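Data from protein21.cif: mmCIF, C-alpha atoms
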```
data_final
loop_
_atom_site.group_PDB
_atom_site.id
_atom_site.type_symbol
_atom_site.label_atom_id
_atom_site.label_comp_id
_atom_site.auth_asym_id
_atom_site.auth_seq_id
_atom_site.Cartn_x
_atom_site.Cartn_y
_atom_site.Cartn_z
ATOM 1 C CA MET A 1 100.163 122.685 30.768
ATOM 2 C CA ARG A 2 97.963 123.458 33.746
ATOM 3 C CA ALA A 3 96.098 120.168 33.314
ATOM 4 C CA ALA A 4 99.381 118.240 33.240
ATOM 5 C CA LEU A 5 100.525 120.062 36.370
ATOM 6 C CA GLN A 6 97.232 119.281 38.112
ATOM 7 C CA LEU A 7 97.803 115.604 37.306
ATOM 8 C CA ALA A 8 101.399 115.841 38.539
ATOM 9 C CA ASP A 9 100.216 117.326 41.817
ATOM 10 C CA ALA A 10 97.628 114.554 42.291
ATOM 11 C CA ARG A 11 99.806 111.618 41.287
ATOM 12 C CA ASP A 12 99.327 109.803 44.596
ATOM 13 C CA ALA A 13 95.591 110.533 44.794
ATOM 14 C CA GLY A 14 94.613 108.259 41.906
ATOM 15 C CA PRO A 15 92.974 109.218 38.630
ATOM 16 C CA LEU A 16 91.394 112.650 38.304
ATOM 17 C CA LYS A 17 88.171 113.219 36.439
ATOM 18 C CA ALA A 18 88.285 115.755 33.640
ATOM 19 C CA GLU A 19 85.602 117.776 35.417
ATOM 20 C CA ALA A 20 87.800 118.086 38.514
ATOM 21 C CA ILE A 21 90.792 119.225 36.446
ATOM 22 C CA ALA A 22 88.655 121.697 34.506
ATOM 23 C CA GLN A 23 87.234 123.155 37.700
ATOM 24 C CA ALA A 24 90.567 123.316 39.531
ATOM 25 C CA GLN A 25 92.297 125.084 36.642
ATOM 26 C CA ASP A 26 89.324 127.056 35.287
ATOM 27 C CA ILE A 27 89.600 125.411 31.865
ATOM 28 C CA PRO A 28 86.483 124.899 29.716
ATOM 29 C CA HIS A 29 85.602 121.193 29.955
ATOM 30 C CA LYS A 30 85.235 120.551 26.191
ATOM 31 C CA PHE A 31 88.538 122.296 25.488
ATOM 32 C CA LEU A 32 90.224 120.266 28.227
ATOM 33 C CA GLU A 33 88.881 116.981 26.838
ATOM 34 C CA GLY A 34 90.645 117.715 23.542
ATOM 35 C CA ILE A 35 93.908 118.465 25.313
ATOM 36 C CA LEU A 36 93.665 115.338 27.463
ATOM 37 C CA ASN A 37 93.030 113.263 24.342
ATOM 38 C CA ASP A 38 96.133 114.772 22.698
ATOM 39 C CA MET A 39 98.167 113.967 25.800
ATOM 40 C CA ARG A 40 96.754 110.431 25.891
ATOM 41 C CA ARG A 41 97.617 109.837 22.226
ATOM 42 C CA GLY A 42 101.067 111.312 22.886
ATOM 43 C CA GLY A 43 101.683 108.855 25.723
ATOM 44 C CA LEU A 44 101.743 111.428 28.508
ATOM 45 C CA VAL A 45 98.508 110.460 30.262
ATOM 46 C CA GLN A 46 96.467 107.325 30.729
ATOM 47 C CA SER A 47 92.717 107.246 31.034
ATOM 48 C CA ARG A 48 90.355 104.826 32.661
ATOM 49 C CA ARG A 49 86.587 104.762 32.319
ATOM 50 C CA GLY A 50 84.056 104.138 35.021
ATOM 51 C CA GLY A 51 83.219 105.374 38.474
ATOM 52 C CA ASN A 52 86.809 105.159 39.660
ATOM 53 C CA GLY A 53 88.125 106.313 36.319
ATOM 54 C CA GLY A 54 89.798 109.461 35.195
ATOM 55 C CA TYR A 55 93.189 110.618 34.019
ATOM 56 C CA ARG A 56 96.657 110.197 35.433
ATOM 57 C CA LEU A 57 100.175 110.715 34.161
ATOM 58 C CA ALA A 58 101.527 107.781 32.169
ATOM 59 C CA ARG A 59 104.948 108.123 33.805
ATOM 60 C CA PRO A 60 106.349 109.958 36.821
ATOM 61 C CA ALA A 61 106.176 113.755 36.726
ATOM 62 C CA GLU A 62 109.974 113.763 37.065
ATOM 63 C CA ALA A 63 110.185 111.987 33.704
ATOM 64 C CA ILE A 64 107.951 114.386 31.733
ATOM 65 C CA SER A 65 109.514 117.641 30.583
ATOM 66 C CA ILE A 66 107.624 120.819 29.876
ATOM 67 C CA ALA A 67 108.834 120.417 26.283
ATOM 68 C CA ASP A 68 107.195 116.967 26.106
ATOM 69 C CA VAL A 69 103.817 118.487 26.923
ATOM 70 C CA ILE A 70 104.208 121.383 24.487
ATOM 71 C CA ARG A 71 105.273 119.078 21.660
ATOM 72 C CA VAL A 72 102.306 116.750 22.190
ATOM 73 C CA VAL A 73 99.722 119.520 22.494
ATOM 74 C CA ASP A 74 101.106 122.259 20.209
ATOM 75 C CA GLY A 75 103.764 120.671 18.005
ATOM 76 C CA PRO A 76 107.358 121.861 17.521
ATOM 77 C CA LEU A 77 108.793 124.194 20.145
ATOM 78 C CA VAL A 78 110.065 126.705 17.599
ATOM 79 C CA SER A 79 108.890 127.280 14.068
ATOM 80 C CA VAL A 80 108.881 130.183 11.646
ATOM 81 C CA ARG A 81 105.503 130.603 9.948
ATOM 82 C CA GLY A 82 104.802 126.972 10.839
ATOM 83 C CA VAL A 83 108.056 125.646 9.330
ATOM 84 C CA ARG A 84 110.818 124.080 11.406
ATOM 85 C CA PRO A 85 114.110 126.004 11.150
ATOM 86 C CA PRO A 86 116.175 123.262 9.425
ATOM 87 C CA GLU A 87 113.668 123.298 6.567
ATOM 88 C CA LEU A 88 114.216 127.012 5.919
ATOM 89 C CA SER A 89 116.725 128.718 3.666
ATOM 90 C CA TYR A 90 117.539 132.349 3.154
ATOM 91 C CA THR A 91 119.717 134.236 0.706
ATOM 92 C CA GLY A 92 121.625 137.484 0.623
ATOM 93 C CA PRO A 93 121.613 139.595 3.769
ATOM 94 C CA ALA A 94 118.948 137.322 5.338
ATOM 95 C CA ARG A 95 121.108 134.159 5.167
ATOM 96 C CA SER A 96 122.253 134.515 8.789
ATOM 97 C CA LEU A 97 118.616 134.244 9.933
ATOM 98 C CA LEU A 98 118.826 130.458 9.802
ATOM 99 C CA PRO A 99 121.612 130.157 12.405
ATOM 100 C CA LEU A 100 119.702 132.693 14.513
ATOM 101 C CA TRP A 101 116.539 130.529 14.440
ATOM 102 C CA ILE A 102 118.625 127.423 15.206
ATOM 103 C CA ALA A 103 120.238 129.182 18.195
ATOM 104 C CA LEU A 104 116.823 130.288 19.424
ATOM 105 C CA ARG A 105 115.509 126.741 19.137
ATOM 106 C CA ALA A 106 118.544 125.372 20.986
ATOM 107 C CA ASN A 107 117.978 127.780 23.867
ATOM 108 C CA VAL A 108 114.248 127.073 24.061
ATOM 109 C CA ARG A 109 115.001 123.345 24.082
ATOM 110 C CA GLU A 110 117.628 123.762 26.794
ATOM 111 C CA ILE A 111 115.126 125.446 29.105
ATOM 112 C CA LEU A 112 111.969 123.459 28.337
ATOM 113 C CA ASP A 113 113.630 120.038 28.059
ATOM 114 C CA GLY A 114 115.467 120.738 31.321
ATOM 115 C CA VAL A 115 112.361 121.464 33.404
ATOM 116 C CA THR A 116 109.955 118.695 34.406
ATOM 117 C CA LEU A 117 106.355 118.737 35.520
ATOM 118 C CA ALA A 118 107.631 117.820 38.984
ATOM 119 C CA ASP A 119 109.961 120.844 39.018
ATOM 120 C CA VAL A 120 107.083 123.205 38.296
ATOM 121 C CA ALA A 121 104.499 121.442 40.478
ATOM 122 C CA THR A 122 106.839 121.600 43.480
ATOM 123 C CA ALA A 123 108.065 125.138 42.659
ATOM 124 C CA GLU A 124 111.654 123.877 42.486
ATOM 125 C CA LEU A 125 112.856 125.237 39.169
ATOM 126 C CA PRO A 126 116.392 124.329 38.102
ATOM 127 C CA PRO A 127 118.992 126.944 39.116
ATOM 128 C CA GLN A 128 119.680 128.050 35.536
ATOM 129 C CA VAL A 129 115.976 128.839 35.062
ATOM 130 C CA ALA A 130 115.634 130.614 38.399
ATOM 131 C CA GLU A 131 118.741 132.653 37.587
ATOM 132 C CA LEU A 132 117.195 133.910 34.348
ATOM 133 C CA THR A 133 114.188 135.219 36.254
ATOM 134 C CA GLU A 134 116.365 137.271 38.635
ATOM 135 C CA ASN A 135 117.077 139.875 35.978
ATOM 136 C CA PRO A 136 114.315 142.535 36.286
ATOM 137 C CA GLU A 137 114.404 143.061 32.513
ATOM 138 C CA SER A 138 113.209 139.465 32.103
ATOM 139 C CA TRP A 139 109.868 140.561 33.554
ATOM 140 C CA THR A 140 109.265 143.543 31.241
ATOM 141 C CA ASN A 141 108.290 143.853 27.628
ATOM 142 C CA PRO A 142 110.527 146.091 25.527
#
```

Re-express the file's structure as structure tokens.
Amino acid sequence: MRAALQLADARDAGPLKAEAIAQAQDIPHKFLEGILNDMRRGGLVQSRRGGNGGYRLARPAEAISIADVIRVVDGPLVSVRGVRPPELSYTGPARSLLPLWIALRANVREILDGVTLADVATAELPPQVAELTENPESWTNP
């Protein structure tokens, strides 16, 4: 995510070299290369070789959601033991777990699909996200 945000912040500066992204975000270079390759294969970034080469976002930061990045790099937003909720089934007193997982997934999607790289890079989170952070309990672990 930090690499994508670094690219969003530098969109007008031209392509960024992986080394520059790694240094700016304190990400191990080899690890970053794997992530950038995932994002390239997922259509989120473009790469160009050569002296003036590097990486840049494949589309405007306003058109790439946080969910897009997570899905490309990590897979589904919500899973249970690696299985997507619609593929699960429960019986007996556990049967209402499935609608619970579906509701959780819907809420995660609502937040992460509704926030773009541009929103985060410019520190202008949507009001519904900012509102959730105003509750002090949101900042503590139970």

Residues within 10 Å of Ala10 (chain A), all atoms listed in the file, excluding chain neighbours under 5 positions, as a PDB file with C-alpha atoms, keeping the file's coordinate frame:
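Writing done, so here's selection13.pdb:
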```
ATOM      1  CA  ALA A   4      99.381 118.240  33.240  1.00  0.00           C
ATOM      2  CA  LEU A   5     100.525 120.062  36.370  1.00  0.00           C
ATOM      3  CA  PRO A  15      92.974 109.218  38.630  1.00  0.00           C
ATOM      4  CA  LEU A  16      91.394 112.650  38.304  1.00  0.00           C
ATOM      5  CA  ARG A  56      96.657 110.197  35.433  1.00  0.00           C
ATOM      6  CA  LEU A  57     100.175 110.715  34.161  1.00  0.00           C
ATOM      7  CA  ALA A 121     104.499 121.442  40.478  1.00  0.00           C
TER       8      ALA A 121
END
```

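Residue selection for this entry, given the PyMOL selection byres ((chain A and resi 47) around 12), comprises Leu7, Gly14, Pro15, Leu16, Lys17, Ala18, Glu33, Leu36, Asn37, Asp38, Met39, Arg40, Arg41, Gly43, Leu44, Val45, Gln46, Arg48, Arg49, Gly50, Asn52, Gly53, Gly54, Tyr55, Arg56, Leu57 and Ala58 of chain A.
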
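Using only C-alpha atoms, the smallest distance between any of A:Gln6, A:Val120, A:Val78, A:Asp68 and Ala20 (chain A) comes from A:Gln6.
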
Can you tell me which residues surround Ile66 (chain A) at a distance of at most 6 Å, considering all atoms listed in the file, apart from same-chain residues fewer than 4 positions away, and format the answer as a CSV table (one decimal) with C-alpha atoms, in the frame of the given file?
```csv
chain,number,residue,atom,x,y,z
A,112,LEU,CA,112.0,123.5,28.3
A,115,VAL,CA,112.4,121.5,33.4
A,116,THR,CA,110.0,118.7,34.4
```

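Coordinates place CA of Val129 (chain A) at a distance of 18.8 Å from CA of Arg2 (chain A).
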
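You can rank A:Arg105, A:Gly92, A:Met1, A:Ser65 by their closest distance to Leu77 (chain A) using all atoms listed in the file, and at the top of that list sits A:Arg105.
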
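One finds CA of Gln23 (chain A) at 14.8 Å from CA of Ile35 (chain A).
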
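The nearest approach to Gly114 (chain A) among the residues A:Glu131, A:Glu62, A:Asp12, A:Glu19, with all atoms listed in the file taken into account, belongs to A:Glu62.
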
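Ranking A:Pro99, A:Ile21, A:Asn107, A:Arg11 by their shortest atom-to-atom distance to Gln128 (chain A), with all atoms listed in the file included, puts A:Asn107 first.
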
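One finds CA of Ile111 (chain A) at 8.5 Å from CA of Ala67 (chain A).
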
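Comparing A:Val108, A:Val73, A:Val83, A:Asp9 by their smallest distance to Leu32 (chain A), the closest is A:Val73 (using only C-alpha atoms).
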
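Once the PyMOL selection byres ((chain A and resi 102) around 12) is applied to the shown structure, the selection contains Leu77, Val78, Ser79, Val80, Arg84, Pro85, Pro86, Glu87, Leu88, Ser89, Ser96, Leu97, Leu98, Pro99, Leu100, Trp101, Ala103, Leu104, Arg105, Ala106, Asn107, Val108 and Arg109 of chain A.
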
So, counting only C-alpha atoms, which residue among A:Pro93, A:Pro60, A:Gly34, A:Pro136 is closest to Ala118 (chain A)? A:Pro60
